Structures are given as C-alpha cells and as structure tokens.
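What follows is a set of notes on a single structure, which appears directly below.
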Number of protein chains: 2
Amino acid sequence: MPEQLAKTVKIGVDSREATSRIPEMLRRYPDVEIDYGQMESGDFLVAPGHIVERKADSDFVASLLDGRLFPQLALMKAEHQDVILLIEGSIHSHRSMISDEALHGAMSYLTVLAKVPLIYSRDAADTAALIYRFALHLQHGLGYEIPLRTQKPKGSLSTWQQYVVEGLPGVGPGRAQGLIKHFGGVKGLFSASEASISAAPGIGPKTAAKIFEITQS
Amino acid sequence: MPEQLAKTVKIGVDSREATSRIPEMLRRYPDVEIDYGQMESGDFLVAPGHIVERKADSDFVASLLDGRLFPQLALMKAEHQDVILLIEGSIHSHRSMISDEALHGAMSYLTVLAKVPLIYSRDAADTAALIYRFALHLQHGLGYEIPLRTQKPKGSLSTWQQYVVEGLPGVGPGRAQGLIKHFGGVKGLFSASEASISAAPGIGPKTAAKIFEITQS
DNA sequence: ACTTCCGATCCTTGA
DNA sequence: TCAAGGATCGGAAGT
C-alpha cells in the first residue's frame with residue numbers, strides 16, 4: 001500500500017465564514033485540511049499567528065467611513081502577530097463614496113505604519129486561491145529557490161565570461177569586456193587586489209571596492 | 001491663528017523618474033522638498049531605508065514572466081530595509097498573459113514571504129498622492145519617529161555572491177549556494193581545479209568541466 | 001510566480 | 001569493486 005505522505009495545508013475557518021462559498025472551494029485542493037471554529041477576530045487562519053480578514057469592497061469603504069476598520073484591525077493585531085486584509089471586489093467602483101485623501105491615507109497608514117498588507121481579489125474564487133497560496137507558502141515555503149539570474153547565454157566561452165562578470169555590481173557589458181581584457185581572463189579578476197581592480201579602464205575606487213568585497217571573502 | 005511652521009517632507013527621486021510627471025505633481029504640495037539623485041535601485045526614497053518601486057501594470061506582468069522582477073527586488077532589499085512595490089494600472093487587464101496560479105503565487109510570495117507590500121494606484125496622479133502619504137506618514141507619522149538608520153541590511157554581500165555564481169552554466173540557486181559554501185566564498189571557486197569543483201555537492205564532472213572552462217582561461 | 005520537461009547527479013543494486 | 005539501472009534533484013524553457 002503506497003502510503004501517501006503528502007504534506008497537508010491546514011486552514012482555520014471562522015464559523016461565520018463557514019456558510020460562504022470559500023470553504024467549499026478550498027476543499028477542492030486535495031491537500032487542504034479545513035478546521036472550523038469560532039474565532040474572536042478574523043476569518044481565515046492561514047498559519048499560526050497569521051490571520052486573513054476578508055472584506056467586500058463596499059464593506060471596506062463603509063467600515064473606513066464609520067471608523068470601525070482601524071479598531072477592528074487593532075483588535076486583530078492584539079490577537080495575531082500578522083494580519084492580512086483581503087479586499088474582494090474593486091475599490092474603484094466605490095470611490096465616489098469616499099475622498100481620495102481618505103483612501104490614500106488609509107492605504108498608506110495600513111501598509112507602512114500598521115504593517116497590515118492589503119491584497120485585492122476579484123471574486124470569491126480568487127479569494128480562495130489566494131488564501132490557499134498564503135497557507136501553502138507560510139506552512140511549507142516556496143518549495144524551491146527563486147533564481148537570481150535568468151535567460152543565460154548559449155554561445156561561446158567569451159560570451160559566458162562576459163555574462164558572469166556582468167553580474168558584478170556596477171558592471172555592464174562595456175566594463176565587463178574591459179575587465180576581462182585587463183586581467184586576461186576571469187581568474188585574474190577574482191583574485192585581484194582592490195588597487196589593481198581600480199586600475200582597470202573605467203573602474204573607479206567606488207566600483208572597485210564593491211567588486212573586491214564580493215570576490216574577496 | 002498663530003503661524004504654523006510646516007515641517008518639510010523630503011522625497012528622493014531617481015534621475016530616471018525625473019522626467020516623469022510624478023515629481024511635478026509632488027512639487028504641488030507646499031511642504032514637499034524634492035531631492036534628485038542617482039539611485040542604484042528603486043524610484044522614490046520616501047524615508048531613509050524606505051524605497052518605492054513604481055511599475056506600470058504591464059511592466060509588472062512582463063517582468064514577472066521573464067524573471068526580472070524578483071532579482072530586481074532582491075537587490076533592492078539588499079540596499080534598503082523596506083521596499084514598497086507600487087503598481088500603476090490594473091493587473092486584471094493583463095490576466096490573459098499569465099496563469100492565475102502564477103499571479104496568486106507572486107502576490108502571496110511578495111506579501112507574506114518577501115515582505116514587500118503591494119500598493120495599487122489608478123494613474124500617475126494617484127501614484128503621486130500615495131508617495132506623498134507614505135513620506136508624510138513615515139517622516140512625521142503619528143507621533144513617534146522612524147529610526148534614521150541607513151545602514152545596509154546584512155546579507156547583501158551573500159546575495160551578490162550568489163548572483164555572480166548563478167551566472168555560471170548549469171548553476172542555479174541550489175548549486176550556487178553549495179559552491180559558495182564549499183569554497184568558503186567566490187575567490188576559491190574561481191581559482192579551483194576542475195577536480196575540486198567536481199567535489200562540491202551536486203556538481204558532477206559535466207558541470208564541473210563547464211565551470212572550469214570559464215574560470216580558468 | 002507556476003508548470004512542464006529534461007538532463008545530470010546520486011544511490012542502490014547485483015554480478 | 002564497479003558498472004548499470006532507476007529515483008531524485010535541480011536547472012532551463014515556456015505560459
């Protein structure tokens with residue numbers, strides 16, 4: 001019997017959200033395990049300490065106008081270390097209800113001071129998919145590393161050498177060729193002193209220092 | 001009513017953005033003081049250590065597809081404490097270009113793992129207003145002060161090292177980290193023999209030969 | 001970002 | 001002991 005040890009993704013759903021379509025959509029993911037329960041605040045517990053508050057666009061604007069929003073979020077932050085505010089719909093369609101200044105102020109306050117990230121979703125399906133991704137990322141990480149460099153060259157040796165050297169800070173195609181020529185190859189550059197790097201054409205002391213910091217270690 | 005000496009709000013603008021309409025709009029705020037300068041990464045310095053990267057909706061999707069986005073943000077995080085990604089326009093209009101999974105993954109990764117908040121703006125006027133709010137909040141926000149530490153985040157060196165090493169053929173994130181760890185840095189790798197390269201974890205004779213060809217020369 | 005695909009690497013087997 | 005096989009990992013390319 002092939003024991004399937006697929007890692008599960010646990011998502012806590014508040015009983016108030018239990019009747020919405022979201023849990024049913026979440027259950028479609030085979031690795032999702034839903035845990036219903038009464039929560040004091042917030043809607044979806046996406047990882048320990050990470051709560052998602054789902055708000056319809058109209059609700060968001062309304063609760064902003066009547067002053068419920070910030071106290072409610074403050075309460076959540078007291079209970080959970082991280083709060084994510086997910087806004088379903090389109091704020092733009094409710095802009096006539098609220099001044100631009102108030103909206104900008106709220107967005108700015110939430111993201112830079114309160115550290116509550118805002119996420120927009122188009123509809124319920126979008127919301128479910130986002131909640132699943134949050135839970136997956138927080139509970140199991142990405143599962144791989146993001147490559148820093150992409151679309152690598154295919155060509156000759158010198159092409160590759162130039163590409164590698166271009167990875168150094170402050171070095172583009174021109175300086176890369178100059179450096180390779182000056183040092184007669186890649187090897188010399190990566191064992192050169194700061195002074196001799198600075199002697200290469202087009203390289204000043206500041207760039208030389210940065211390059212040296214990376215090659216030397 | 002006594003005169004109130006308004007505190008100024010300083011905003012750093014990268015020279016590439018200097019020609020856009022944003023600086024002109026920012027200058028309409030009487031308390032804003034704009035400081036032009038060349039920045040290595042990012043567009044608007046909204047407080048010490050807080051950089052805003054402005055991206056058009058189409059750019060966001062395009063740079064996501066060809067893999068430029070995350071390296072760019074990673075390098076920004078190596079230079080600044082906090083990065084804010086401001087997306088101008090509507091992502092929804094470009095959804096046909098990219099899979100929903102990828103888009104959700106990107107949004108989730110940015111907000112919960114990379115800790116890069118996403119902000120959406122409708123147009124350039126919106127962008128300017130949001131940038132002003134960020135600067136205002138961060139510089140004189142709600143009583144308490146932002147620590148003016150401008151020091152680079154730790155880990156910027158290793159990010160650059162990994163960036164350079166990933167430029168080698170057959171080397172992605174995993175092998176890059178393995179190589180740097182195995183050789184204790186970049187210098188050792190670039191002066192290593194083919195045999196000792198092959199001794200690194202995950203590197204076989206094929207890959208070792210290709211790496212050696214470039215470093216040796 | 002995700003997904004799919006493919007080649008290289010590594011590990012186990014069995015002669 | 002080592003060659004051949006297959007399972008796994010990791011990078012490359014494409015949506």
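Letters A, B, ... mark the chains of the structure tokens in the order given; residue numbers begin at 1 per chain; ligand numbers begin at 1, in order shown.
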
What does the C-alpha RMSD come to when chain A is least-squares superposed onto chain B, all C-alpha atoms paired in sequence order? 15.8 Å

Set the distance at 12 Å and use only C-alpha atoms (C1' of nucleotides): which residues neighbour DG14 of chain C once local chain neighbours fewer than 4 positions away are removed? I'd like the list as a count of residues only. 5

Excluding same-chain residues fewer than 5 positions from segment 2-7 of chain C, what lies within 9 Å of it counting only C-alpha atoms (C1' of nucleotides), as an mmCIF file with all heavy atoms, in the first residue's frame?
```
data_model
loop_
_atom_site.group_PDB
_atom_site.id
_atom_site.type_symbol
_atom_site.label_atom_id
_atom_site.label_comp_id
_atom_site.auth_asym_id
_atom_site.auth_seq_id
_atom_site.Cartn_x
_atom_site.Cartn_y
_atom_site.Cartn_z
ATOM 1 N N SER B 99 -0.797 32.879 -15.989
ATOM 2 C CA SER B 99 -1.738 31.971 -15.334
ATOM 3 C C SER B 99 -2.162 32.534 -13.986
ATOM 4 O O SER B 99 -1.399 33.254 -13.335
ATOM 5 C CB SER B 99 -1.092 30.608 -15.145
ATOM 6 O OG SER B 99 -0.128 30.659 -14.131
ATOM 7 N N ASP B 100 -3.350 32.216 -13.588
ATOM 8 C CA ASP B 100 -3.833 32.667 -12.289
ATOM 9 C C ASP B 100 -2.930 32.170 -11.162
ATOM 10 O O ASP B 100 -2.635 32.905 -10.225
ATOM 11 C CB ASP B 100 -5.259 32.152 -12.054
ATOM 12 C CG ASP B 100 -6.288 33.068 -12.697
ATOM 13 O OD1 ASP B 100 -5.878 33.959 -13.464
ATOM 14 O OD2 ASP B 100 -7.482 32.892 -12.422
ATOM 15 N N GLU B 101 -2.493 30.930 -11.282
ATOM 16 C CA GLU B 101 -1.626 30.375 -10.237
ATOM 17 C C GLU B 101 -0.379 31.228 -10.063
ATOM 18 O O GLU B 101 0.038 31.539 -8.949
ATOM 19 C CB GLU B 101 -1.210 28.941 -10.577
ATOM 20 C CG GLU B 101 -2.308 27.915 -10.431
ATOM 21 C CD GLU B 101 -3.250 27.948 -11.619
ATOM 22 O OE1 GLU B 101 -2.910 28.595 -12.632
ATOM 23 O OE2 GLU B 101 -4.334 27.332 -11.537
ATOM 24 N N ALA B 102 0.217 31.594 -11.190
ATOM 25 C CA ALA B 102 1.444 32.377 -11.135
ATOM 26 C C ALA B 102 1.185 33.739 -10.491
ATOM 27 O O ALA B 102 1.970 34.206 -9.669
ATOM 28 C CB ALA B 102 2.025 32.559 -12.530
ATOM 29 N N LEU B 103 0.093 34.349 -10.852
ATOM 30 C CA LEU B 103 -0.217 35.666 -10.308
ATOM 31 C C LEU B 103 -0.499 35.588 -8.807
ATOM 32 O O LEU B 103 0.024 36.379 -8.017
ATOM 33 C CB LEU B 103 -1.413 36.254 -11.045
ATOM 34 C CG LEU B 103 -1.630 37.752 -10.887
ATOM 35 C CD1 LEU B 103 -0.381 38.523 -11.267
ATOM 36 C CD2 LEU B 103 -2.802 38.214 -11.728
ATOM 37 N N GLY B 105 0.531 33.285 -6.852
ATOM 38 C CA GLY B 105 1.794 32.926 -6.222
ATOM 39 C C GLY B 105 2.676 34.144 -6.022
ATOM 40 O O GLY B 105 3.284 34.311 -4.966
ATOM 41 P P DG D 11 19.805 24.506 -9.324
ATOM 42 O OP1 DG D 11 21.085 25.092 -8.910
ATOM 43 O OP2 DG D 11 18.550 24.932 -8.685
ATOM 44 O "O5'" DG D 11 19.683 24.647 -10.910
ATOM 45 C "C5'" DG D 11 20.693 24.015 -11.696
ATOM 46 C "C4'" DG D 11 20.345 24.005 -13.156
ATOM 47 O "O4'" DG D 11 19.178 23.183 -13.385
ATOM 48 C "C3'" DG D 11 20.022 25.374 -13.761
ATOM 49 O "O3'" DG D 11 20.544 25.410 -15.075
ATOM 50 C "C2'" DG D 11 18.491 25.403 -13.744
ATOM 51 C "C1'" DG D 11 18.156 23.942 -13.994
ATOM 52 N N9 DG D 11 16.904 23.512 -13.375
ATOM 53 C C8 DG D 11 16.494 23.721 -12.093
ATOM 54 N N7 DG D 11 15.337 23.188 -11.810
ATOM 55 C C5 DG D 11 14.956 22.583 -12.999
ATOM 56 C C6 DG D 11 13.801 21.844 -13.310
ATOM 57 O O6 DG D 11 12.841 21.563 -12.583
ATOM 58 N N1 DG D 11 13.810 21.413 -14.635
ATOM 59 C C2 DG D 11 14.824 21.642 -15.538
ATOM 60 N N2 DG D 11 14.666 21.155 -16.766
ATOM 61 N N3 DG D 11 15.918 22.337 -15.252
ATOM 62 C C4 DG D 11 15.916 22.768 -13.971
ATOM 63 P P DA D 12 20.455 26.789 -15.913
ATOM 64 O OP1 DA D 12 21.747 26.894 -16.646
ATOM 65 O OP2 DA D 12 19.987 27.892 -15.054
ATOM 66 O "O5'" DA D 12 19.325 26.460 -16.990
ATOM 67 C "C5'" DA D 12 19.497 25.328 -17.827
ATOM 68 C "C4'" DA D 12 18.365 25.241 -18.829
ATOM 69 O "O4'" DA D 12 17.187 24.684 -18.193
ATOM 70 C "C3'" DA D 12 17.942 26.581 -19.441
ATOM 71 O "O3'" DA D 12 17.808 26.415 -20.847
ATOM 72 C "C2'" DA D 12 16.609 26.895 -18.749
ATOM 73 C "C1'" DA D 12 16.068 25.514 -18.396
ATOM 74 N N9 DA D 12 15.288 25.461 -17.157
ATOM 75 C C8 DA D 12 15.617 26.000 -15.946
ATOM 76 N N7 DA D 12 14.729 25.777 -15.003
ATOM 77 C C5 DA D 12 13.741 25.034 -15.648
ATOM 78 C C6 DA D 12 12.535 24.490 -15.192
ATOM 79 N N6 DA D 12 12.091 24.597 -13.946
ATOM 80 N N1 DA D 12 11.786 23.798 -16.092
ATOM 81 C C2 DA D 12 12.239 23.682 -17.365
ATOM 82 N N3 DA D 12 13.366 24.157 -17.892
ATOM 83 C C4 DA D 12 14.075 24.832 -16.971
ATOM 84 P P DA D 13 17.370 27.644 -21.767
ATOM 85 O OP1 DA D 13 18.095 27.434 -23.036
ATOM 86 O OP2 DA D 13 17.523 28.892 -21.006
ATOM 87 O "O5'" DA D 13 15.823 27.382 -22.034
ATOM 88 C "C5'" DA D 13 15.388 26.093 -22.442
ATOM 89 C "C4'" DA D 13 13.877 26.075 -22.626
ATOM 90 O "O4'" DA D 13 13.242 25.907 -21.326
ATOM 91 C "C3'" DA D 13 13.320 27.370 -23.220
ATOM 92 O "O3'" DA D 13 12.330 27.051 -24.193
ATOM 93 C "C2'" DA D 13 12.725 28.084 -22.029
ATOM 94 C "C1'" DA D 13 12.266 26.910 -21.156
ATOM 95 N N9 DA D 13 12.175 27.221 -19.724
ATOM 96 C C8 DA D 13 13.046 27.971 -18.977
ATOM 97 N N7 DA D 13 12.712 28.068 -17.715
ATOM 98 C C5 DA D 13 11.548 27.330 -17.628
ATOM 99 C C6 DA D 13 10.695 27.046 -16.548
ATOM 100 N N6 DA D 13 10.904 27.486 -15.306
ATOM 101 N N1 DA D 13 9.615 26.279 -16.789
ATOM 102 C C2 DA D 13 9.402 25.833 -18.042
ATOM 103 N N3 DA D 13 10.140 26.033 -19.140
ATOM 104 C C4 DA D 13 11.213 26.790 -18.848
ATOM 105 P P DG D 14 11.630 28.166 -25.063
ATOM 106 O OP1 DG D 14 11.645 27.703 -26.469
ATOM 107 O OP2 DG D 14 12.207 29.482 -24.690
ATOM 108 O "O5'" DG D 14 10.131 28.093 -24.529
ATOM 109 C "C5'" DG D 14 9.538 26.800 -24.312
ATOM 110 C "C4'" DG D 14 8.171 26.964 -23.665
ATOM 111 O "O4'" DG D 14 8.322 27.137 -22.239
ATOM 112 C "C3'" DG D 14 7.388 28.172 -24.163
ATOM 113 O "O3'" DG D 14 6.013 27.815 -24.281
ATOM 114 C "C2'" DG D 14 7.584 29.199 -23.059
ATOM 115 C "C1'" DG D 14 7.630 28.296 -21.830
ATOM 116 N N9 DG D 14 8.350 28.894 -20.707
ATOM 117 C C8 DG D 14 9.542 29.573 -20.750
ATOM 118 N N7 DG D 14 9.937 30.008 -19.571
ATOM 119 C C5 DG D 14 8.930 29.596 -18.708
ATOM 120 C C6 DG D 14 8.791 29.778 -17.314
ATOM 121 O O6 DG D 14 9.560 30.355 -16.532
ATOM 122 N N1 DG D 14 7.612 29.203 -16.835
ATOM 123 C C2 DG D 14 6.689 28.548 -17.598
ATOM 124 N N2 DG D 14 5.623 28.070 -16.967
ATOM 125 N N3 DG D 14 6.806 28.370 -18.910
ATOM 126 C C4 DG D 14 7.948 28.922 -19.393
ATOM 127 P P DT D 15 4.965 28.792 -24.880
ATOM 128 O OP1 DT D 15 4.205 28.033 -25.894
ATOM 129 O OP2 DT D 15 5.668 30.039 -25.224
ATOM 130 O "O5'" DT D 15 3.992 29.102 -23.673
ATOM 131 C "C5'" DT D 15 3.460 28.019 -22.912
ATOM 132 C "C4'" DT D 15 2.390 28.551 -21.951
ATOM 133 O "O4'" DT D 15 2.991 28.842 -20.670
ATOM 134 C "C3'" DT D 15 1.756 29.866 -22.451
ATOM 135 O "O3'" DT D 15 0.420 29.649 -22.789
ATOM 136 C "C2'" DT D 15 1.930 30.867 -21.308
ATOM 137 C "C1'" DT D 15 2.526 30.073 -20.167
ATOM 138 N N1 DT D 15 3.714 30.767 -19.549
ATOM 139 C C2 DT D 15 3.703 31.049 -18.200
ATOM 140 O O2 DT D 15 2.766 30.771 -17.468
ATOM 141 N N3 DT D 15 4.847 31.673 -17.732
ATOM 142 C C4 DT D 15 5.949 32.028 -18.474
ATOM 143 O O4 DT D 15 6.894 32.589 -17.947
ATOM 144 C C5 DT D 15 5.898 31.706 -19.862
ATOM 145 C C7 DT D 15 7.052 32.064 -20.747
ATOM 146 C C6 DT D 15 4.801 31.092 -20.333
#
```

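Nearest to chain C of all the residues A:Gly143, A:Gly188, A:Gly174, A:Gly155 is A:Gly143, counting only C-alpha atoms (C1' of nucleotides).
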
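Near chain C, within 10 Å and counting only C-alpha atoms (C1' of nucleotides), the residues of chain B are Val61, Leu64, Leu65, Gly67, Leu69, Phe70, Ile98, Ser99, Asp100, Glu101, Ala102, Leu103, His104, Gly105, Ala106, Met107, Ser108, Tyr109, Leu110, Gly170, Pro201, Gly202, Ile203, Gly204, Pro205, Lys206 and Thr207 of chain B.
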
Could you pull out the alpha helix (DSSP H) residues of chain B, going by DSSP on the backbone, and write them as a ChimeraX atom specification? /B:22-26,57-65,69-79,100-108,124-140,156-165,173-183,186-189,194-198,205-216

Which residues are near Asp57 of chain A? Cut-off 9 Å, only C-alpha atoms (C1' of nucleotides), ignore same chain within fewer than 5 positions. Put them as a ChimeraX atom specification. /A:62,87-94

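Among the candidates A:Ile51, A:Ala56, A:Ile22, A:Ala135, the one nearest to Leu75 of chain A when counting only C-alpha atoms is A:Ile51.
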
Residue nearest chain A among B:Lys115, B:Lys7, B:Arg28, B:His182 (counting only C-alpha atoms): B:Lys115

Could you tell me, as a list in words, which residues of segment 56-213 of chain B DSSP assigns to strand (DSSP E) when given the backbone? Ala56, Asp82, Val83, Ile84, Leu85, Leu86, Ile87, Glu88, Leu118, Ile119, Tyr120 and Ser121 of chain B
